[in-house]
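See below for query-v5.tsv, which holds TSV, C-alpha atoms.
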```
chain	number	residue	atom	x	y	z
A	984	MET	CA	-5.90	-18.97	25.94
A	985	HIS	CA	-8.10	-22.04	25.28
A	986	HIS	CA	-11.01	-20.44	27.15
A	987	TYR	CA	-11.38	-17.73	24.48
A	988	PRO	CA	-13.50	-18.21	21.35
A	989	ASP	CA	-11.58	-19.35	18.24
A	990	ALA	CA	-11.90	-16.00	16.45
A	991	MET	CA	-10.41	-14.30	19.51
A	992	ILE	CA	-7.51	-16.75	19.70
A	993	ARG	CA	-6.77	-16.27	15.98
A	994	LEU	CA	-6.72	-12.49	16.40
A	995	ILE	CA	-4.51	-12.66	19.51
A	996	LYS	CA	-2.03	-14.90	17.67
A	997	ASN	CA	-1.90	-12.54	14.69
A	998	LEU	CA	-1.46	-9.50	16.94
A	999	CYS	CA	1.38	-11.25	18.79
A	1000	ARG	CA	3.36	-11.36	15.53
A	1001	LEU	CA	3.60	-7.56	15.54
A	1002	PRO	CA	6.74	-6.03	17.04
A	1003	GLY	CA	6.45	-5.00	20.68
A	1004	ILE	CA	3.10	-6.75	21.23
A	1005	GLY	CA	3.12	-9.64	23.68
A	1006	GLU	CA	0.27	-11.96	24.60
A	1007	LYS	CA	-0.96	-9.67	27.37
A	1008	SER	CA	-1.22	-6.58	25.11
A	1009	ALA	CA	-2.70	-8.69	22.30
A	1010	GLU	CA	-5.44	-9.88	24.66
A	1011	ARG	CA	-6.14	-6.33	25.78
A	1012	LEU	CA	-6.30	-5.11	22.17
A	1013	ALA	CA	-8.61	-7.96	21.13
A	1014	MET	CA	-10.88	-7.27	24.09
A	1015	HIS	CA	-11.01	-3.61	23.09
A	1016	MET	CA	-11.80	-4.45	19.46
A	1017	LEU	CA	-14.66	-6.64	20.61
A	1018	SER	CA	-16.35	-3.78	22.43
A	1019	ALA	CA	-15.35	-0.87	20.16
A	1020	PRO	CA	-17.80	0.41	17.48
A	1021	GLY	CA	-17.99	-1.93	14.48
A	1022	ALA	CA	-17.30	0.84	11.97
A	1023	GLU	CA	-14.10	1.83	13.75
A	1024	ILE	CA	-12.79	-1.75	13.80
A	1025	HIS	CA	-13.79	-2.36	10.19
A	1026	ALA	CA	-11.93	0.83	9.18
A	1027	LEU	CA	-8.84	-0.46	10.98
A	1028	ALA	CA	-8.99	-3.84	9.22
A	1029	ARG	CA	-9.47	-2.10	5.87
A	1030	SER	CA	-6.57	0.28	6.35
A	1031	ILE	CA	-4.30	-2.65	7.22
A	1032	ASP	CA	-5.41	-4.53	4.13
A	1033	GLU	CA	-5.00	-1.54	1.82
A	1034	LEU	CA	-1.61	-0.41	3.07
A	1035	LYS	CA	0.48	-2.67	0.88
A	1036	LYS	CA	-1.80	-2.16	-2.12
A	1037	GLN	CA	-1.64	1.63	-2.01
A	1038	VAL	CA	1.79	2.54	-0.73
A	1039	ARG	CA	4.41	2.78	-3.47
A	1040	VAL	CA	8.05	3.72	-3.57
A	1041	CYS	CA	9.14	7.04	-5.09
A	1042	ALA	CA	10.96	6.48	-8.40
A	1043	THR	CA	13.40	9.29	-7.59
A	1044	CYS	CA	14.27	9.01	-3.90
A	1045	PHE	CA	12.85	5.55	-2.95
A	1046	SER	CA	10.89	6.85	0.00
A	1047	LEU	CA	7.26	5.81	0.58
A	1048	SER	CA	4.85	7.46	-1.80
A	1049	ASP	CA	1.23	7.63	-2.97
A	1050	ASP	CA	2.39	8.15	-6.52
A	1051	THR	CA	5.26	7.52	-8.92
A	1052	ILE	CA	6.99	10.56	-7.44
A	1053	CYS	CA	6.68	11.36	-3.73
A	1054	ARG	CA	5.34	14.57	-2.25
A	1055	ILE	CA	8.81	15.80	-1.28
A	1056	CYS	CA	10.44	15.18	-4.67
A	1057	GLY	CA	7.39	16.72	-6.35
A	1058	ASN	CA	7.37	19.83	-4.18
A	1059	PRO	CA	8.87	22.85	-6.05
A	1060	GLU	CA	9.59	24.56	-2.71
A	1061	ARG	CA	12.16	21.93	-1.73
A	1062	ASN	CA	15.81	22.53	-2.53
A	1063	ARG	CA	16.79	19.90	-5.10
A	1064	ALA	CA	20.45	20.86	-4.89
A	1065	LEU	CA	20.63	19.42	-1.35
A	1066	ALA	CA	20.11	15.66	-0.92
A	1067	CYS	CA	20.08	13.87	2.40
A	1068	VAL	CA	20.91	10.15	2.28
A	1069	VAL	CA	19.13	8.01	4.90
A	1070	GLU	CA	18.77	4.32	5.62
A	1071	GLY	CA	14.96	4.06	5.61
A	1072	PRO	CA	11.64	5.92	5.43
A	1073	ASP	CA	11.45	6.18	9.23
A	1074	ASP	CA	14.73	8.12	9.29
A	1075	LEU	CA	13.26	10.45	6.66
A	1076	ALA	CA	10.16	10.83	8.86
A	1077	ALA	CA	12.31	11.72	11.88
A	1078	ILE	CA	14.18	14.43	9.95
A	1079	GLU	CA	10.92	15.82	8.50
A	1080	LYS	CA	9.46	15.99	12.01
A	1081	SER	CA	12.44	18.05	13.17
A	1082	GLY	CA	11.41	20.64	10.56
A	1083	SER	CA	15.05	21.54	10.03
A	1084	PHE	CA	15.61	20.33	6.48
A	1085	ASN	CA	14.29	21.73	3.22
A	1086	GLY	CA	16.20	19.64	0.71
A	1087	VAL	CA	15.31	16.31	-0.87
A	1088	TYR	CA	16.16	12.77	0.22
A	1089	HIS	CA	17.64	9.55	-1.01
A	1090	VAL	CA	16.43	6.47	0.84
A	1091	LEU	CA	18.97	3.65	0.62
A	1092	GLN	CA	16.46	1.02	1.80
A	1093	GLY	CA	19.12	-0.59	3.96
A	1094	LEU	CA	22.76	-0.39	5.00
A	1095	LEU	CA	25.81	-2.30	3.83
A	1096	SER	CA	26.25	-5.35	6.03
A	1097	PRO	CA	28.64	-8.03	4.75
A	1098	MET	CA	27.73	-10.17	7.77
A	1099	ASP	CA	24.13	-10.33	6.54
A	1100	GLY	CA	25.17	-10.61	2.90
A	1101	ILE	CA	24.00	-7.08	2.05
A	1102	GLY	CA	26.35	-5.55	-0.49
A	1103	PRO	CA	26.29	-2.32	-2.56
A	1104	ALA	CA	24.01	-3.89	-5.20
A	1105	ASP	CA	21.35	-4.71	-2.58
A	1106	ILE	CA	20.65	-1.11	-1.57
A	1107	ARG	CA	19.97	2.02	-3.63
A	1108	ILE	CA	23.60	3.15	-4.07
A	1109	ARG	CA	23.67	2.85	-7.88
A	1110	GLU	CA	20.57	5.07	-8.02
A	1111	LEU	CA	22.21	7.69	-5.77
A	1112	ILE	CA	25.30	7.79	-7.98
A	1113	ASP	CA	23.04	8.20	-11.05
A	1114	ARG	CA	21.19	11.09	-9.38
A	1115	VAL	CA	24.44	12.81	-8.49
A	1116	GLY	CA	25.63	12.26	-12.05
A	1117	GLU	CA	22.66	14.34	-13.29
A	1118	LYS	CA	24.37	17.38	-11.66
A	1119	THR	CA	21.29	18.98	-9.99
A	1120	ILE	CA	22.55	17.89	-6.57
A	1121	LYS	CA	25.32	20.15	-5.24
A	1122	GLU	CA	25.60	18.71	-1.73
A	1123	VAL	CA	25.01	15.20	-0.40
A	1124	ILE	CA	24.48	14.95	3.37
A	1125	ILE	CA	25.18	11.40	4.48
A	1126	ALA	CA	22.75	10.82	7.33
A	1127	THR	CA	23.07	7.09	7.94
A	1128	GLY	CA	23.25	6.13	11.62
A	1129	THR	CA	26.43	5.83	13.63
A	1130	SER	CA	26.27	2.02	14.00
A	1131	VAL	CA	29.03	-0.09	12.45
A	1132	GLU	CA	26.86	-0.60	9.33
A	1133	GLY	CA	25.89	3.09	9.19
A	1134	GLU	CA	29.52	4.19	9.36
A	1135	ALA	CA	30.64	1.56	6.84
A	1136	THR	CA	27.92	2.62	4.41
A	1137	ALA	CA	28.90	6.27	4.88
A	1138	GLY	CA	32.54	5.39	4.18
A	1139	PHE	CA	31.62	3.51	1.03
A	1140	LEU	CA	29.42	6.36	-0.23
A	1141	ILE	CA	32.11	8.97	0.42
A	1142	LYS	CA	34.60	6.96	-1.65
A	1143	LYS	CA	32.13	6.65	-4.56
A	1144	LEU	CA	30.89	10.26	-4.42
A	1145	LYS	CA	34.41	11.74	-4.30
A	1146	LEU	CA	34.57	11.02	-8.05
A	1147	PHE	CA	31.90	13.69	-8.63
A	1148	PRO	CA	32.08	17.50	-8.29
A	1149	VAL	CA	29.70	17.48	-5.32
A	1150	ARG	CA	30.05	18.61	-1.72
A	1151	ILE	CA	29.88	15.60	0.63
A	1152	THR	CA	28.95	16.13	4.28
A	1153	ARG	CA	28.12	13.83	7.21
A	1154	ILE	CA	25.63	14.67	9.99
A	1155	ALA	CA	27.41	15.54	13.23
A	1156	SER	CA	27.69	13.02	16.03
A	1157	GLY	CA	28.16	14.06	19.64
A	1158	ILE	CA	26.42	14.31	22.99
A	1159	PRO	CA	22.63	14.15	22.47
A	1160	MET	CA	20.79	17.32	23.55
A	1161	GLY	CA	19.71	16.95	27.18
A	1162	GLY	CA	22.23	14.14	27.59
A	1163	GLU	CA	24.77	14.01	30.39
A	1164	LEU	CA	28.47	13.55	29.69
A	1165	LYS	CA	28.86	10.92	32.36
A	1166	TYR	CA	26.42	8.64	30.54
A	1167	ALA	CA	28.01	9.11	27.12
A	1168	ASP	CA	30.15	6.26	25.80
A	1169	GLN	CA	33.83	6.81	25.03
A	1170	VAL	CA	33.49	6.82	21.25
A	1171	THR	CA	30.73	9.45	21.38
A	1172	LEU	CA	32.82	11.56	23.77
A	1173	LYS	CA	35.85	11.36	21.49
A	1174	LYS	CA	33.68	12.37	18.47
A	1175	ALA	CA	32.15	15.24	20.44
A	1176	LEU	CA	35.60	16.53	21.50
A	1177	ASP	CA	37.09	16.18	18.01
A	1178	ALA	CA	34.16	18.11	16.53
A	1179	ARG	CA	34.30	20.94	19.11
A	1180	HIS	CA	33.67	24.45	17.80
A	1181	VAL	CA	34.72	27.95	18.80
A	1182	LEU	CA	32.06	30.08	20.53
B	237	MET	CA	2.87	12.85	9.56
B	238	HIS	CA	2.14	14.68	6.27
B	239	HIS	CA	5.25	13.19	4.65
B	240	TYR	CA	3.75	9.67	4.75
B	241	PRO	CA	1.53	8.32	1.96
B	242	ASP	CA	-2.22	8.67	2.60
B	243	ALA	CA	-2.78	4.95	3.18
B	244	MET	CA	-0.05	5.02	5.81
B	245	ILE	CA	-1.52	8.08	7.56
B	246	ARG	CA	-4.98	6.44	7.61
B	247	LEU	CA	-3.55	3.29	9.17
B	248	ILE	CA	-1.52	5.23	11.76
B	249	LYS	CA	-4.63	7.19	12.76
B	250	ASN	CA	-6.70	4.02	13.13
B	251	LEU	CA	-3.98	2.31	15.15
B	252	CYS	CA	-3.73	5.35	17.45
B	253	ARG	CA	-7.35	4.77	18.50
B	254	LEU	CA	-6.37	1.48	20.14
B	255	PRO	CA	-5.63	1.57	23.86
B	256	GLY	CA	-1.96	1.95	24.78
B	257	ILE	CA	-0.85	2.76	21.22
B	258	GLY	CA	0.54	6.23	20.68
B	259	GLU	CA	1.66	7.85	17.44
B	260	LYS	CA	5.19	6.53	17.79
B	261	SER	CA	4.12	2.87	18.22
B	262	ALA	CA	1.50	3.25	15.49
B	263	GLU	CA	4.20	4.44	13.10
B	264	ARG	CA	6.43	1.54	14.03
B	265	LEU	CA	3.57	-0.95	13.55
B	266	ALA	CA	2.60	0.54	10.18
B	267	MET	CA	6.22	0.41	9.04
B	268	HIS	CA	6.38	-3.24	10.08
B	269	MET	CA	3.15	-4.08	8.27
B	270	LEU	CA	4.53	-2.51	5.11
B	271	SER	CA	7.53	-4.82	5.05
B	272	ALA	CA	5.96	-7.98	6.54
B	273	PRO	CA	4.72	-10.80	4.26
B	274	GLY	CA	1.43	-9.92	2.56
B	275	ALA	CA	-0.28	-13.14	3.69
B	276	GLU	CA	0.53	-12.42	7.34
B	277	ILE	CA	-0.85	-8.88	7.17
B	278	HIS	CA	-3.94	-9.98	5.27
B	279	ALA	CA	-4.59	-12.64	7.93
B	280	LEU	CA	-4.36	-9.98	10.61
B	281	ALA	CA	-6.84	-7.70	8.83
B	282	ARG	CA	-9.22	-10.65	8.33
B	283	SER	CA	-9.07	-11.75	11.94
B	284	ILE	CA	-9.86	-8.20	13.09
B	285	ASP	CA	-12.80	-8.01	10.70
B	286	GLU	CA	-14.19	-11.41	11.69
B	287	LEU	CA	-13.86	-11.00	15.44
B	288	LYS	CA	-17.17	-9.24	16.00
B	289	LYS	CA	-18.97	-11.47	13.50
B	290	GLN	CA	-17.88	-14.71	15.10
B	291	VAL	CA	-17.62	-14.07	18.80
B	292	ARG	CA	-20.91	-14.56	20.66
B	293	VAL	CA	-21.95	-14.39	24.27
B	294	CYS	CA	-22.79	-17.59	26.20
B	295	ALA	CA	-26.53	-17.79	26.92
B	296	THR	CA	-25.83	-19.24	30.36
B	297	CYS	CA	-22.85	-17.38	31.80
B	298	PHE	CA	-22.48	-14.40	29.40
B	299	SER	CA	-18.80	-15.00	28.79
B	300	LEU	CA	-17.36	-14.92	25.24
B	301	SER	CA	-18.26	-17.95	23.19
B	302	ASP	CA	-18.03	-19.59	19.76
B	303	ASP	CA	-21.50	-21.03	20.22
B	304	THR	CA	-24.80	-20.53	22.06
B	305	ILE	CA	-23.22	-22.17	25.10
B	306	CYS	CA	-19.55	-21.57	25.91
B	307	ARG	CA	-16.90	-24.26	26.29
B	308	ILE	CA	-16.84	-23.98	30.08
B	309	CYS	CA	-20.61	-24.22	30.57
B	310	GLY	CA	-20.71	-27.08	28.07
B	311	ASN	CA	-17.88	-29.03	29.69
B	312	PRO	CA	-19.24	-31.94	31.81
B	313	GLU	CA	-15.99	-32.00	33.82
B	314	ARG	CA	-16.69	-28.58	35.35
B	315	ASN	CA	-18.45	-28.35	38.68
B	316	ARG	CA	-21.83	-26.71	38.00
B	317	ALA	CA	-22.57	-26.41	41.69
B	318	LEU	CA	-19.84	-23.78	42.06
B	319	ALA	CA	-20.28	-20.44	40.25
B	320	CYS	CA	-17.76	-17.64	40.23
B	321	VAL	CA	-19.14	-14.15	39.52
B	322	VAL	CA	-16.78	-11.82	37.66
B	323	GLU	CA	-17.02	-8.40	36.08
B	324	GLY	CA	-15.86	-9.27	32.54
B	325	PRO	CA	-14.40	-11.93	30.25
B	326	ASP	CA	-10.84	-10.80	30.99
B	327	ASP	CA	-11.34	-11.56	34.70
B	328	LEU	CA	-12.60	-15.01	33.71
B	329	ALA	CA	-9.49	-15.42	31.54
B	330	ALA	CA	-7.23	-14.46	34.46
B	331	ILE	CA	-8.84	-17.04	36.77
B	332	GLU	CA	-8.70	-19.74	34.07
B	333	LYS	CA	-4.99	-19.00	33.58
B	334	SER	CA	-4.39	-19.55	37.28
B	335	GLY	CA	-5.71	-23.09	36.79
B	336	SER	CA	-7.12	-23.03	40.31
B	337	PHE	CA	-10.85	-23.12	39.58
B	338	ASN	CA	-12.96	-25.96	38.24
B	339	GLY	CA	-16.45	-24.48	38.61
B	340	VAL	CA	-18.48	-22.38	36.18
B	341	TYR	CA	-18.75	-18.62	35.81
B	342	HIS	CA	-21.21	-15.79	35.67
B	343	VAL	CA	-19.98	-12.74	33.78
B	344	LEU	CA	-21.78	-9.60	34.94
B	345	GLN	CA	-20.62	-7.56	31.91
B	346	GLY	CA	-19.97	-4.57	34.13
B	347	LEU	CA	-20.17	-3.30	37.70
B	348	LEU	CA	-22.75	-1.16	39.46
B	349	SER	CA	-21.73	2.47	39.14
B	350	PRO	CA	-24.40	5.04	40.00
B	351	MET	CA	-21.94	7.80	38.98
B	352	ASP	CA	-21.92	6.44	35.43
B	353	GLY	CA	-25.64	5.64	35.50
B	354	ILE	CA	-25.07	1.88	35.62
B	355	GLY	CA	-27.74	0.27	37.80
B	356	PRO	CA	-28.70	-3.37	38.54
B	357	ALA	CA	-30.77	-3.65	35.33
B	358	ASP	CA	-27.75	-2.71	33.18
B	359	ILE	CA	-25.62	-5.71	34.15
B	360	ARG	CA	-26.41	-9.45	34.29
B	361	ILE	CA	-27.70	-9.58	37.89
B	362	ARG	CA	-31.24	-10.69	37.02
B	363	GLU	CA	-29.75	-13.61	35.08
B	364	LEU	CA	-27.53	-14.60	38.02
B	365	ILE	CA	-30.54	-14.63	40.38
B	366	ASP	CA	-32.42	-16.77	37.83
B	367	ARG	CA	-29.52	-19.25	37.65
B	368	VAL	CA	-29.31	-19.47	41.43
B	369	GLY	CA	-33.11	-19.99	41.53
B	370	GLU	CA	-32.65	-23.13	39.42
B	371	LYS	CA	-30.90	-24.70	42.43
B	372	THR	CA	-27.97	-26.39	40.65
B	373	ILE	CA	-25.59	-23.79	42.08
B	374	LYS	CA	-24.68	-24.50	45.73
B	375	GLU	CA	-21.98	-21.84	46.17
B	376	VAL	CA	-21.55	-18.42	44.57
B	377	ILE	CA	-18.04	-16.97	44.79
B	378	ILE	CA	-18.23	-13.21	44.31
B	379	ALA	CA	-15.01	-12.33	42.50
B	380	THR	CA	-15.58	-8.74	41.49
B	381	GLY	CA	-12.57	-6.47	42.06
B	382	THR	CA	-11.87	-4.53	45.22
B	383	SER	CA	-12.53	-1.10	43.69
B	384	VAL	CA	-15.42	1.00	45.05
B	385	GLU	CA	-17.66	-0.34	42.26
B	386	GLY	CA	-16.46	-3.91	42.76
B	387	GLU	CA	-17.21	-3.77	46.48
B	388	ALA	CA	-20.58	-2.06	45.95
B	389	THR	CA	-21.60	-4.68	43.39
B	390	ALA	CA	-20.50	-7.46	45.76
B	391	GLY	CA	-22.57	-5.89	48.56
B	392	PHE	CA	-25.64	-5.65	46.34
B	393	LEU	CA	-25.27	-9.27	45.17
B	394	ILE	CA	-24.86	-10.55	48.74
B	395	LYS	CA	-28.09	-8.84	49.76
B	396	LYS	CA	-29.98	-10.36	46.82
B	397	LEU	CA	-28.47	-13.85	47.12
B	398	LYS	CA	-29.12	-14.09	50.86
B	399	LEU	CA	-32.75	-14.80	49.92
B	400	PHE	CA	-31.67	-18.15	48.42
B	401	PRO	CA	-30.37	-21.32	50.11
B	402	VAL	CA	-26.91	-20.89	48.59
B	403	ARG	CA	-23.48	-20.47	50.12
B	404	ILE	CA	-22.11	-16.99	49.32
B	405	THR	CA	-18.35	-16.36	49.45
B	406	ARG	CA	-16.07	-13.50	48.46
B	407	ILE	CA	-12.52	-13.94	47.13
B	408	ALA	CA	-9.92	-12.98	49.73
B	409	SER	CA	-8.16	-9.65	49.61
B	410	GLY	CA	-4.76	-9.09	51.23
B	411	ILE	CA	-1.08	-8.58	50.48
B	412	PRO	CA	-0.35	-9.76	46.90
B	413	MET	CA	2.09	-12.68	46.73
B	414	GLY	CA	5.61	-11.35	46.39
B	415	GLY	CA	4.44	-7.97	47.67
B	416	GLU	CA	6.11	-6.10	50.48
B	417	LEU	CA	4.12	-4.89	53.49
B	418	LYS	CA	5.70	-1.45	53.39
B	419	TYR	CA	4.26	-0.83	49.93
B	420	ALA	CA	0.74	-2.03	50.78
B	421	ASP	CA	-1.94	0.61	51.35
B	422	GLN	CA	-3.72	0.91	54.70
B	423	VAL	CA	-7.02	-0.60	53.56
B	424	THR	CA	-5.28	-3.67	52.16
B	425	LEU	CA	-3.24	-4.06	55.35
B	426	LYS	CA	-6.37	-3.84	57.50
B	427	LYS	CA	-8.10	-6.46	55.30
B	428	ALA	CA	-5.07	-8.73	55.46
B	429	LEU	CA	-4.92	-8.48	59.26
B	430	ASP	CA	-8.65	-9.02	59.71
B	431	ALA	CA	-8.50	-12.11	57.49
B	432	ARG	CA	-5.44	-13.63	59.25
B	433	HIS	CA	-5.49	-17.40	59.74
B	434	VAL	CA	-3.97	-19.83	62.23
B	435	LEU	CA	-0.96	-21.86	61.06
```

Translate the structure of the given file into structure tokens.
Amino acid sequence: MHHYPDAMIRLIKNLCRLPGIGEKSAERLAMHMLSAPGAEIHALARSIDELKKQVRVCATCFSLSDDTICRICGNPERNRALACVVEGPDDLAAIEKSGSFNGVYHVLQGLLSPMDGIGPADIRIRELIDRVGEKTIKEVIIATGTSVEGEATAGFLIKKLKLFPVRITRIASGIPMGGELKYADQVTLKKALDARHVL
Amino acid sequence: MHHYPDAMIRLIKNLCRLPGIGEKSAERLAMHMLSAPGAEIHALARSIDELKKQVRVCATCFSLSDDTICRICGNPERNRALACVVEGPDDLAAIEKSGSFNGVYHVLQGLLSPMDGIGPADIRIRELIDRVGEKTIKEVIIATGTSVEGEATAGFLIKKLKLFPVRITRIASGIPMGGELKYADQVTLKKALDARHVL
């Protein structure tokens, strides 16, 4: 890279730190930024710089927010009796995109992982228990992933939530839509068979 | 995307304008930037903003430069009698990476393309002729690509340069190293056969 100007090398190095961007893509991006309209590139730099300053965390559900309370928690059309517990804001985004959920969320901001030293106090479990204790929530859908950590976190939450008069459910696991049985792993197949339903 | 904070949506939209970055990758990048160290993200924004301000074009070869004259043109170790003509700075970068060239360059900043209204006056052909006229250059290697435009530009340059006492060469085309004959197109195969050499 020594044949590029210093400013170009600096940019390429900074771009390389981003996930999924190697030196080749970083070079291509830098080359594009050099020839793209100045206003467009300045807007990009500004939006990167302002992200951390402007994005907050919702005081109720801990998802990303413009304000103290996020748009979902503040929306009177959403069903506050139904709370879906997810690991992070990207899981929330995925569910919102599916358009199949009209309740509210609780973002744990992580999963229990003793191996990485992440215990119940490190994620938003206390806050979930407090919300359930307020009695507005009638059903908690535990929608953590089906990894070891996701399952362990779900197990822990179930144990804690059983102490409250609330319905506790877990999202279904099984064969992904469009997926072929022969490519499914054994655990998924077992889950899918156990959870079979009458037609 | 309406469930993301405004600052996040703005960033995602700006990232989507970059080549090869779709909404999914933009989301992932924005999510990363939100959790990455502030200093790192600020440095990225700064380097994007400073790129256009700091990168200049070499007055001799028209490649990217920190200064009036680029590092290659200003390097006394490089052979100024040998000039390699390329389309853009990324082609120069590719040749430099190969480590197999010790001459200087001439960056055309484009290729002739009548379809797109790009004629000889729109790229740095005049400046190449002027350089050759100064008589330091003894050989011009035409290293434009082998696309229609690359070949047309090479043809045009050959015609113009023939008027000067300079050796004119064209980079070889043929089967790429590691490539299989059965996957090569007919034009490439013909070129490779025509350019065969005795062992």

Taking 6 positions as the minimum chain separation for residues in the same chain, which residues sit within 8 Å of Leu1095 (chain A) when counting all atoms listed in the file? Answer as JSON, numbers by chain. {"A": [1101, 1102, 1103, 1106, 1132, 1133, 1135, 1136]}

Tell me the residues of chain B close to chain A, meaning within 8 Å using all atoms listed in the file, as number ranges by chain. B: 237, 239-244, 246-247, 250-251, 254-255, 265, 267-270, 274, 276-288, 290-291, 300-302, 307-308, 326, 329, 332-333

Which residue of A:Glu1163, A:Asp1168, A:Glu1122, A:Glu1070 approaches Leu1094 (chain A) most closely, using all atoms listed in the file: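 Among the listed residues, A:Glu1070 lies closest to Leu1094 (chain A).
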
Gap from CA of Ala1042 (chain A) to CA of Val1131 (chain A) - Å, one decimal: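 Taking CA of Ala1042 (chain A) and CA of Val1131 (chain A), their separation equals 28.4 Å.
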
May I ask for the distance between CA of Gly258 (chain B) and CA of Ala1022 (chain A), given in Å to one decimal place?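 Between CA of Gly258 (chain B) and CA of Ala1022 (chain A) the gap works out to 20.6 Å.
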
Expressed in Å, the length from CA of Pro350 (chain B) to CA of Leu364 (chain B) is 20.0 Å

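Among the candidates A:Cys1041, A:Ala1126, A:Ala1175, A:Ile1108, the one nearest to Arg1153 (chain A) when counting only C-alpha atoms is A:Ala1126.
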
Non-local contacts of Thr372 (chain B) (10 Å; all atoms listed in the file; under 4 positions in same chain excluded) as number ranges by chain: B: 315-319, 367-368, 402

Can you pull out the residues contacting Leu429 (chain B)? Cut-off 12 Å, using only C-alpha atoms, and skip same-chain residues under 4 positions away; I want them as an MDAnalysis selection string. chainID B and resid 408:411 417 422:425 433:434

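The residue that comes closest to Arg1109 (chain A), out of A:Lys1121, A:Lys1143, A:Arg1061, A:Arg1150 and on the basis of all atoms listed in the file, is A:Lys1143.
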
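The residue that comes closest to Ser1130 (chain A), out of A:Ser1081, A:Lys1007, A:Thr1152, A:Ser1096 and on the basis of only C-alpha atoms, is A:Ser1096.
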
Your completed region 295-307 of chain B with N, CA and C atoms, as an mmCIF file, in the frame of the given file:
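rebuild.cif written:
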```
data_model
loop_
_atom_site.group_PDB
_atom_site.id
_atom_site.type_symbol
_atom_site.label_atom_id
_atom_site.label_comp_id
_atom_site.auth_asym_id
_atom_site.auth_seq_id
_atom_site.Cartn_x
_atom_site.Cartn_y
_atom_site.Cartn_z
ATOM 1 N N ALA B 295 -25.171 -18.033 26.436
ATOM 2 C CA ALA B 295 -26.530 -17.790 26.920
ATOM 3 C C ALA B 295 -26.676 -18.109 28.401
ATOM 4 N N THR B 296 -25.751 -18.890 28.940
ATOM 5 C CA THR B 296 -25.830 -19.240 30.360
ATOM 6 C C THR B 296 -25.015 -18.280 31.227
ATOM 7 N N CYS B 297 -23.727 -18.123 30.891
ATOM 8 C CA CYS B 297 -22.850 -17.380 31.800
ATOM 9 C C CYS B 297 -22.443 -16.004 31.277
ATOM 10 N N PHE B 298 -22.779 -15.693 30.015
ATOM 11 C CA PHE B 298 -22.480 -14.400 29.400
ATOM 12 C C PHE B 298 -20.991 -14.126 29.206
ATOM 13 N N SER B 299 -20.197 -15.204 29.161
ATOM 14 C CA SER B 299 -18.800 -15.000 28.790
ATOM 15 C C SER B 299 -18.721 -15.110 27.266
ATOM 16 N N LEU B 300 -17.530 -14.847 26.689
ATOM 17 C CA LEU B 300 -17.360 -14.920 25.240
ATOM 18 C C LEU B 300 -17.443 -16.369 24.806
ATOM 19 N N SER B 301 -18.021 -16.584 23.621
ATOM 20 C CA SER B 301 -18.260 -17.950 23.190
ATOM 21 C C SER B 301 -18.246 -18.093 21.678
ATOM 22 N N ASP B 302 -17.927 -19.291 21.189
ATOM 23 C CA ASP B 302 -18.030 -19.590 19.760
ATOM 24 C C ASP B 302 -19.471 -19.942 19.415
ATOM 25 N N ASP B 303 -20.182 -20.439 20.429
ATOM 26 C CA ASP B 303 -21.500 -21.030 20.220
ATOM 27 C C ASP B 303 -22.526 -20.447 21.190
ATOM 28 N N THR B 304 -23.745 -20.977 21.142
ATOM 29 C CA THR B 304 -24.800 -20.530 22.060
ATOM 30 C C THR B 304 -24.351 -20.723 23.505
ATOM 31 N N ILE B 305 -23.731 -21.871 23.758
ATOM 32 C CA ILE B 305 -23.220 -22.170 25.100
ATOM 33 C C ILE B 305 -21.696 -22.248 25.025
ATOM 34 N N CYS B 306 -21.012 -21.635 25.991
ATOM 35 C CA CYS B 306 -19.550 -21.570 25.910
ATOM 36 C C CYS B 306 -18.910 -22.910 26.288
ATOM 37 N N ARG B 307 -17.621 -23.012 26.042
ATOM 38 C CA ARG B 307 -16.900 -24.260 26.290
ATOM 39 C C ARG B 307 -16.874 -24.645 27.763
#
```
